[in-house]
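Single-structure report; data block below.
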Amino acid sequence: MDVAVYLVGGLGMFLYGMNVMGDGLQKVAGEKLKRIIEMLTTNKLMGVLVGTIVTAIIQSSSATTVMTVGFVNAGIMTLKQAVGIIMGANIGTTVTAQLVSFSIEKYAPIAIGLGMIMWFFTKKKHVKDLAEILIGFGILFVGMSFMKDAAAPVSEMQKVHDAILMLSRNPILGIIAGFLITGTIQSSSASIGILIVLASQGLLPITAALPILYGDNIGTCVTSLLSTIGASRNARRVAIVHLIFNVMGTLLFIVVLSKPIISLVTTMDPTNVPRQIANAHTLFNLVNVCILFPFSNYLLKLAYKLVPVSVDEEEERINTTKFLDERILETPSIALSNTVDEVIRMASRSTRSLNASYESIKNKDMDLVAKSFEYEKIINKLQIDITNFLFKLTTRNLSDIERIKTDVLFHIVNDIERVGDHAENLAEISGFLNEKKLSFSEEASRELDILFDIASRNFYDSITAIKTYDEELAKEIIERESEFGKLEKEYRKTHMDRLRSGDCTVEAGIYFLDIITNLERISDHSINIIDEMNRMRGNITI
């Protein structure tokens, strides 16, 4: 009973430590993670590099693969690009195995102690992030120590020795065991950690460890396969490619390369089985990528065979968010950056709606009125989807700066939606003017054109300013808003003069004032967006 408690407790500490260390690494990397992903081109080799780096940072190949499924599902990454990242993720996950194969548990308390000192005695954000990495590192190795202590009595049990001997003679059972372990605990790094613990107690020779290790690599596909439930066909193909890649690699090694790899790792470390396992894990994934990379296009073709193209595949995605997918929440810094992209995309819909509605007033074009109404439906849907995504993002492990950005985005989304509402109001006014065959005088039309130009420029530039954190542009918007206020008062006065002189009808005059009011509110919302940008002064940028 004590053995089970220590083993489960140690595994829990190992997983928690790995999670804490990964979170710390993500925070240190911050915006760099997004830039690393943006390095990706149609060059699959670059994708391998990106997948390796990202997985080494977030300490989870499953998280990288799930995130990649999310990118493909969101339509911001092609299946061809995703193949390289998946292969790289398999290499990146070997970093953890290499780390835990060294017997450095004695340094764990030092890492935890140093991390806690740094955490409590500094207010600098980057130092706290480094402290988090040290604390996670220490807890990870404390968990390893617990598991090793738990495994010590097991090494004396004859039944365990018999079971290990059976696995050595029957690699298929070893593969199944590795698959079940990783599929259950959802972490290939933890599975390899268990193998290293057993090897450190003399329980597991490399001949028995290798099949289990191969099964671990297949088991890690379970997470990505589960994540594709409800996803697009292309996203499902990503998970299929991941599975095919690991299954083919396993078959290749079982049939041809097991003996050479055993010979190589035992030559490198004749007596150190934990190091042999870690090196075998690294070699397996490196060699697998080197051999299968040239055939990646054939992997894609096989994925298309297994998940064939549907006639309505292009219509699978409803007209909603393009850059957001819950799988991306696995990496909060990237999720936040993608949310900014989605907010800007939403703002472009509001801009189109605004332009269409005003053009319909000028040209009496009812098709543009219908187009503005269609845009408004999309804007409302985007507001709901982005807001829900932001709420989910707030439950993740965000830095203080990221929390401020998230809060700012909540407010900006609402301002953008309100601009869409005012565009809809203008479209309705256009419909009334057309229905009642009303029109404005030349002078009134000129005044509306001037006010629309200022209001629409203010809104467009406010989104540009929040994206680029352009303080000079923000000042220009504030100056234009002041100009808008002066012109509004002047035009309301000249409007009353036209009414008194009979140059404008009372009914047309009411709609004239309604248009001015809506344009004024649009310009006000632009200032609200700039005010939100000012909350992020200092080194905070979106």
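Letters for chains follow the order of the structure tokens (A, B, ...), residue numbers begin at 1 for each chain, and ligand numbers begin at 1 in the order shown.
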With a distance cut-off of 6 Å and only C-alpha atoms, select the neighbouring residues of region 525-533 of chain A, excluding the residue or stretch itself and same-chain residues fewer than 4 positions from it, and output the selection as a PyMOL selection string. chain A and resi 408+412+415+458-459+462+466
Residues of region 171-217 of chain A at most 9 Å from region 93-112 of chain A: nearest atom pair and distance in Å, only C-alpha atoms, as a Markdown table:
```
| residue | atom | partner | partner_atom | distance |
| --- | --- | --- | --- | --- |
| A:Ser188 | CA | A:Thr93 | CA | 8.0 |
| A:Ser189 | CA | A:Ala97 | CA | 6.2 |
| A:Ala190 | CA | A:Ala97 | CA | 8.5 |
| A:Ile192 | CA | A:Ala97 | CA | 6.3 |
| A:Gly193 | CA | A:Ala97 | CA | 6.6 |
| A:Ile196 | CA | A:Ser101 | CA | 6.4 |
| A:Val197 | CA | A:Ser101 | CA | 8.7 |
| A:Ser200 | CA | A:Ser101 | CA | 9.0 |
```
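Residues lying within 8 Å of region 382-390 of chain A, counting only C-alpha atoms and ignoring same-chain neighbours fewer than 5 positions away, are Thr320, Thr321, Leu324, Glu326, Thr339, Glu342, Val343, Met346, Thr406, Phe410, Val413, Asn414 and Glu417 of chain A.
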Based on the selection just made, write all heavy atoms of those residues as a JSON list (two decimals), in the first residue's frame.
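Wrote selection_21.json, looks like this:
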```
[["chain", "number", "residue", "atom", "x", "y", "z"],
["A", 320, "THR", "N", -17.77, 32.56, -38.48],
["A", 320, "THR", "CA", -17.47, 32.99, -37.12],
["A", 320, "THR", "C", -15.97, 33.21, -37.00],
["A", 320, "THR", "O", -15.32, 33.59, -37.96],
["A", 320, "THR", "CB", -18.00, 31.95, -36.10],
["A", 320, "THR", "OG1", -17.70, 32.41, -34.78],
["A", 320, "THR", "CG2", -17.42, 30.57, -36.34],
["A", 321, "THR", "N", -15.41, 33.00, -35.84],
["A", 321, "THR", "CA", -14.01, 33.33, -35.62],
["A", 321, "THR", "C", -13.08, 32.53, -36.53],
["A", 321, "THR", "O", -13.31, 31.37, -36.81],
["A", 321, "THR", "CB", -13.61, 33.06, -34.15],
["A", 321, "THR", "OG1", -13.89, 31.70, -33.83],
["A", 321, "THR", "CG2", -14.36, 33.96, -33.21],
["A", 324, "LEU", "N", -9.43, 31.81, -33.64],
["A", 324, "LEU", "CA", -9.62, 31.26, -32.30],
["A", 324, "LEU", "C", -10.05, 29.80, -32.35],
["A", 324, "LEU", "O", -10.86, 29.41, -33.18],
["A", 324, "LEU", "CB", -10.65, 32.07, -31.52],
["A", 324, "LEU", "CG", -10.38, 33.57, -31.38],
["A", 324, "LEU", "CD1", -11.42, 34.21, -30.48],
["A", 324, "LEU", "CD2", -8.98, 33.85, -30.86],
["A", 326, "GLU", "N", -10.34, 26.58, -29.12],
["A", 326, "GLU", "CA", -10.06, 26.31, -27.70],
["A", 326, "GLU", "C", -8.77, 25.52, -27.49],
["A", 326, "GLU", "O", -8.17, 25.58, -26.42],
["A", 326, "GLU", "CB", -11.25, 25.56, -27.08],
["A", 326, "GLU", "CG", -12.44, 26.47, -26.85],
["A", 326, "GLU", "CD", -13.53, 25.80, -26.03],
["A", 326, "GLU", "OE1", -13.21, 24.89, -25.25],
["A", 326, "GLU", "OE2", -14.70, 26.19, -26.18],
["A", 339, "THR", "N", -6.23, 36.28, -30.25],
["A", 339, "THR", "CA", -7.45, 37.02, -29.93],
["A", 339, "THR", "C", -7.36, 38.44, -30.45],
["A", 339, "THR", "O", -8.34, 39.00, -30.95],
["A", 339, "THR", "CB", -7.69, 37.03, -28.41],
["A", 339, "THR", "OG1", -7.65, 35.70, -27.90],
["A", 339, "THR", "CG2", -9.05, 37.63, -28.08],
["A", 342, "GLU", "N", -8.16, 38.37, -33.97],
["A", 342, "GLU", "CA", -9.60, 38.18, -34.17],
["A", 342, "GLU", "C", -10.37, 39.46, -33.90],
["A", 342, "GLU", "O", -11.35, 39.78, -34.59],
["A", 342, "GLU", "CB", -10.11, 37.06, -33.27],
["A", 342, "GLU", "CG", -11.47, 36.53, -33.66],
["A", 342, "GLU", "CD", -11.49, 35.88, -35.05],
["A", 342, "GLU", "OE1", -10.75, 34.90, -35.26],
["A", 342, "GLU", "OE2", -12.24, 36.38, -35.91],
["A", 343, "VAL", "N", -9.95, 40.22, -32.89],
["A", 343, "VAL", "CA", -10.60, 41.50, -32.57],
["A", 343, "VAL", "C", -10.43, 42.47, -33.74],
["A", 343, "VAL", "O", -11.37, 43.18, -34.12],
["A", 343, "VAL", "CB", -10.01, 42.09, -31.27],
["A", 343, "VAL", "CG1", -10.46, 43.54, -31.08],
["A", 343, "VAL", "CG2", -10.43, 41.26, -30.06],
["A", 346, "MET", "N", -12.74, 41.48, -36.41],
["A", 346, "MET", "CA", -14.09, 41.92, -36.08],
["A", 346, "MET", "C", -14.25, 43.40, -36.40],
["A", 346, "MET", "O", -15.28, 43.84, -36.94],
["A", 346, "MET", "CB", -14.36, 41.66, -34.59],
["A", 346, "MET", "CG", -15.71, 42.16, -34.11],
["A", 346, "MET", "SD", -15.90, 41.95, -32.32],
["A", 346, "MET", "CE", -17.47, 42.78, -32.05],
["A", 406, "THR", "N", -6.01, 41.11, -21.53],
["A", 406, "THR", "CA", -7.28, 40.40, -21.66],
["A", 406, "THR", "C", -8.44, 41.30, -21.26],
["A", 406, "THR", "O", -9.47, 41.37, -21.95],
["A", 406, "THR", "CB", -7.28, 39.14, -20.78],
["A", 406, "THR", "OG1", -6.17, 38.31, -21.14],
["A", 406, "THR", "CG2", -8.55, 38.33, -20.96],
["A", 410, "PHE", "N", -11.67, 42.83, -23.61],
["A", 410, "PHE", "CA", -13.09, 42.74, -23.29],
["A", 410, "PHE", "C", -13.79, 44.05, -23.65],
["A", 410, "PHE", "O", -14.84, 44.07, -24.30],
["A", 410, "PHE", "CB", -13.30, 42.48, -21.79],
["A", 410, "PHE", "CG", -13.32, 41.03, -21.42],
["A", 410, "PHE", "CD1", -12.36, 40.51, -20.56],
["A", 410, "PHE", "CD2", -14.30, 40.18, -21.89],
["A", 410, "PHE", "CE1", -12.37, 39.17, -20.20],
["A", 410, "PHE", "CE2", -14.32, 38.83, -21.53],
["A", 410, "PHE", "CZ", -13.35, 38.34, -20.68],
["A", 413, "VAL", "N", -13.76, 44.93, -27.53],
["A", 413, "VAL", "CA", -14.76, 44.14, -28.28],
["A", 413, "VAL", "C", -16.14, 44.78, -28.17],
["A", 413, "VAL", "O", -16.88, 44.87, -29.16],
["A", 413, "VAL", "CB", -14.79, 42.68, -27.75],
["A", 413, "VAL", "CG1", -16.02, 41.94, -28.25],
["A", 413, "VAL", "CG2", -13.54, 41.93, -28.20],
["A", 414, "ASN", "N", -16.49, 45.24, -26.98],
["A", 414, "ASN", "CA", -17.80, 45.87, -26.79],
["A", 414, "ASN", "C", -17.91, 47.18, -27.57],
["A", 414, "ASN", "O", -18.97, 47.49, -28.14],
["A", 414, "ASN", "CB", -18.05, 46.13, -25.29],
["A", 414, "ASN", "CG", -18.36, 44.85, -24.54],
["A", 414, "ASN", "OD1", -18.89, 43.90, -25.12],
["A", 414, "ASN", "ND2", -18.01, 44.79, -23.27],
["A", 417, "GLU", "N", -18.44, 46.37, -31.21],
["A", 417, "GLU", "CA", -19.81, 45.90, -31.45],
["A", 417, "GLU", "C", -20.78, 47.08, -31.48],
["A", 417, "GLU", "O", -21.71, 47.11, -32.29],
["A", 417, "GLU", "CB", -20.21, 44.90, -30.36],
["A", 417, "GLU", "CG", -21.48, 44.13, -30.65],
["A", 417, "GLU", "CD", -22.75, 44.89, -30.29],
["A", 417, "GLU", "OE1", -22.67, 45.73, -29.36],
["A", 417, "GLU", "OE2", -23.80, 44.67, -30.92]]
```
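Shell of Glu424 (chain A) at 7 Å, with only C-alpha atoms counted and residues fewer than 4 places along the chain excluded, is Ser372, Phe373, Glu376, Gly420 and Glu428 of chain A.
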Since we have the selection now, will you write its residues out, keeping N, CA and C atoms, as a tab-separated table (two decimals), in the first residue's frame?
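After the write, result_15.tsv holds the following:
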```tsv
chain	number	residue	atom	x	y	z
A	372	SER	N	-25.01	45.76	-45.06
A	372	SER	CA	-24.71	46.26	-43.71
A	372	SER	C	-25.39	45.41	-42.64
A	373	PHE	N	-26.64	45.01	-42.89
A	373	PHE	CA	-27.36	44.16	-41.93
A	373	PHE	C	-26.68	42.79	-41.79
A	376	GLU	N	-23.72	43.09	-39.66
A	376	GLU	CA	-24.08	43.25	-38.25
A	376	GLU	C	-24.33	41.90	-37.58
A	420	GLY	N	-20.73	48.73	-34.73
A	420	GLY	CA	-21.57	47.95	-35.64
A	420	GLY	C	-23.05	48.28	-35.48
A	428	GLU	N	-30.62	51.62	-41.34
A	428	GLU	CA	-32.07	51.76	-41.16
A	428	GLU	C	-32.55	53.15	-41.61
```
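Coordinates place CA of Asn425 (chain A) at a distance of 24.4 Å from CA of Thr464 (chain A).
Using only C-alpha atoms, the nearest neighbour of Val369 (chain A) within the list A:Ala335, A:Leu433, A:Ile516, A:Ile404 is A:Leu433.
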If you measure from CA of Ile344 (chain A) to CA of Ile328 (chain A), what distance in Å do you get, rounded to one decimal? 18.1 Å
Using only C-alpha atoms, pick whichever of A:Leu300, A:Ile291, A:Ile86, A:Ile477 has the shortest atom-to-atom distance to Cys221 (chain A). A:Ile86
Taking a cut-off of 10 Å and counting only C-alpha atoms, can you build a table that, for each residue of region 250-315 of chain A near region 202-205 of chain A, reports the nearest atom pair and how far apart they are in Å (one decimal), sorted by chain then residue number, as JSON lines?
```
{"residue": "A:Asn272", "atom": "CA", "partner": "A:Gly202", "partner_atom": "CA", "distance": 9.9}
{"residue": "A:Val273", "atom": "CA", "partner": "A:Pro205", "partner_atom": "CA", "distance": 6.7}
{"residue": "A:Pro274", "atom": "CA", "partner": "A:Leu204", "partner_atom": "CA", "distance": 9.2}
{"residue": "A:Gln276", "atom": "CA", "partner": "A:Pro205", "partner_atom": "CA", "distance": 9.3}
{"residue": "A:Ile277", "atom": "CA", "partner": "A:Pro205", "partner_atom": "CA", "distance": 9.0}
```
Print the selection's residues with all heavy atoms to a file, as a PDB file, in the first residue's frame.
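Output below, filename selection-v7.pdb:
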```
ATOM      1  N   ASN A 272      24.742   2.545 -17.495  1.00  0.00           N
ATOM      2  CA  ASN A 272      23.714   3.481 -17.039  1.00  0.00           C
ATOM      3  C   ASN A 272      22.439   3.300 -17.871  1.00  0.00           C
ATOM      4  O   ASN A 272      22.257   3.921 -18.923  1.00  0.00           O
ATOM      5  CB  ASN A 272      24.233   4.921 -17.163  1.00  0.00           C
ATOM      6  CG  ASN A 272      23.348   5.921 -16.428  1.00  0.00           C
ATOM      7  OD1 ASN A 272      22.162   5.678 -16.210  1.00  0.00           O
ATOM      8  ND2 ASN A 272      23.930   7.037 -16.043  1.00  0.00           N
ATOM      9  N   VAL A 273      21.528   2.442 -17.395  1.00  0.00           N
ATOM     10  CA  VAL A 273      20.304   2.137 -18.144  1.00  0.00           C
ATOM     11  C   VAL A 273      19.381   3.359 -18.281  1.00  0.00           C
ATOM     12  O   VAL A 273      18.795   3.566 -19.358  1.00  0.00           O
ATOM     13  CB  VAL A 273      19.543   0.942 -17.518  1.00  0.00           C
ATOM     14  CG1 VAL A 273      18.283   0.620 -18.330  1.00  0.00           C
ATOM     15  CG2 VAL A 273      20.447  -0.280 -17.453  1.00  0.00           C
ATOM     16  N   PRO A 274      19.200   4.200 -17.239  1.00  0.00           N
ATOM     17  CA  PRO A 274      18.373   5.401 -17.426  1.00  0.00           C
ATOM     18  C   PRO A 274      18.858   6.274 -18.588  1.00  0.00           C
ATOM     19  O   PRO A 274      18.055   6.761 -19.384  1.00  0.00           O
ATOM     20  CB  PRO A 274      18.509   6.142 -16.091  1.00  0.00           C
ATOM     21  CG  PRO A 274      18.732   5.061 -15.098  1.00  0.00           C
ATOM     22  CD  PRO A 274      19.587   4.054 -15.814  1.00  0.00           C
ATOM     23  N   GLN A 276      20.581   5.181 -21.117  1.00  0.00           N
ATOM     24  CA  GLN A 276      20.338   4.397 -22.333  1.00  0.00           C
ATOM     25  C   GLN A 276      18.902   4.626 -22.832  1.00  0.00           C
ATOM     26  O   GLN A 276      18.661   4.787 -24.035  1.00  0.00           O
ATOM     27  CB  GLN A 276      20.564   2.908 -22.069  1.00  0.00           C
ATOM     28  CG  GLN A 276      22.022   2.523 -21.835  1.00  0.00           C
ATOM     29  CD  GLN A 276      22.157   1.071 -21.388  1.00  0.00           C
ATOM     30  OE1 GLN A 276      21.203   0.296 -21.439  1.00  0.00           O
ATOM     31  NE2 GLN A 276      23.355   0.702 -20.942  1.00  0.00           N
ATOM     32  N   ILE A 277      17.955   4.646 -21.885  1.00  0.00           N
ATOM     33  CA  ILE A 277      16.538   4.844 -22.248  1.00  0.00           C
ATOM     34  C   ILE A 277      16.334   6.245 -22.833  1.00  0.00           C
ATOM     35  O   ILE A 277      15.676   6.411 -23.869  1.00  0.00           O
ATOM     36  CB  ILE A 277      15.629   4.622 -21.021  1.00  0.00           C
ATOM     37  CG1 ILE A 277      15.639   3.141 -20.631  1.00  0.00           C
ATOM     38  CG2 ILE A 277      14.200   5.099 -21.309  1.00  0.00           C
ATOM     39  CD1 ILE A 277      14.929   2.849 -19.319  1.00  0.00           C
TER      40      ILE A 277
END
```
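Among the candidates A:Arg418, A:Lys80, A:His411, A:Lys493, the one nearest to Leu299 (chain A) when counting only C-alpha atoms is A:Lys80.
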For Val8 (chain A), which residue out of A:Gly138, A:Leu130, A:Gly183, A:Gly143 is the nearest one, using only C-alpha atoms? A:Gly143
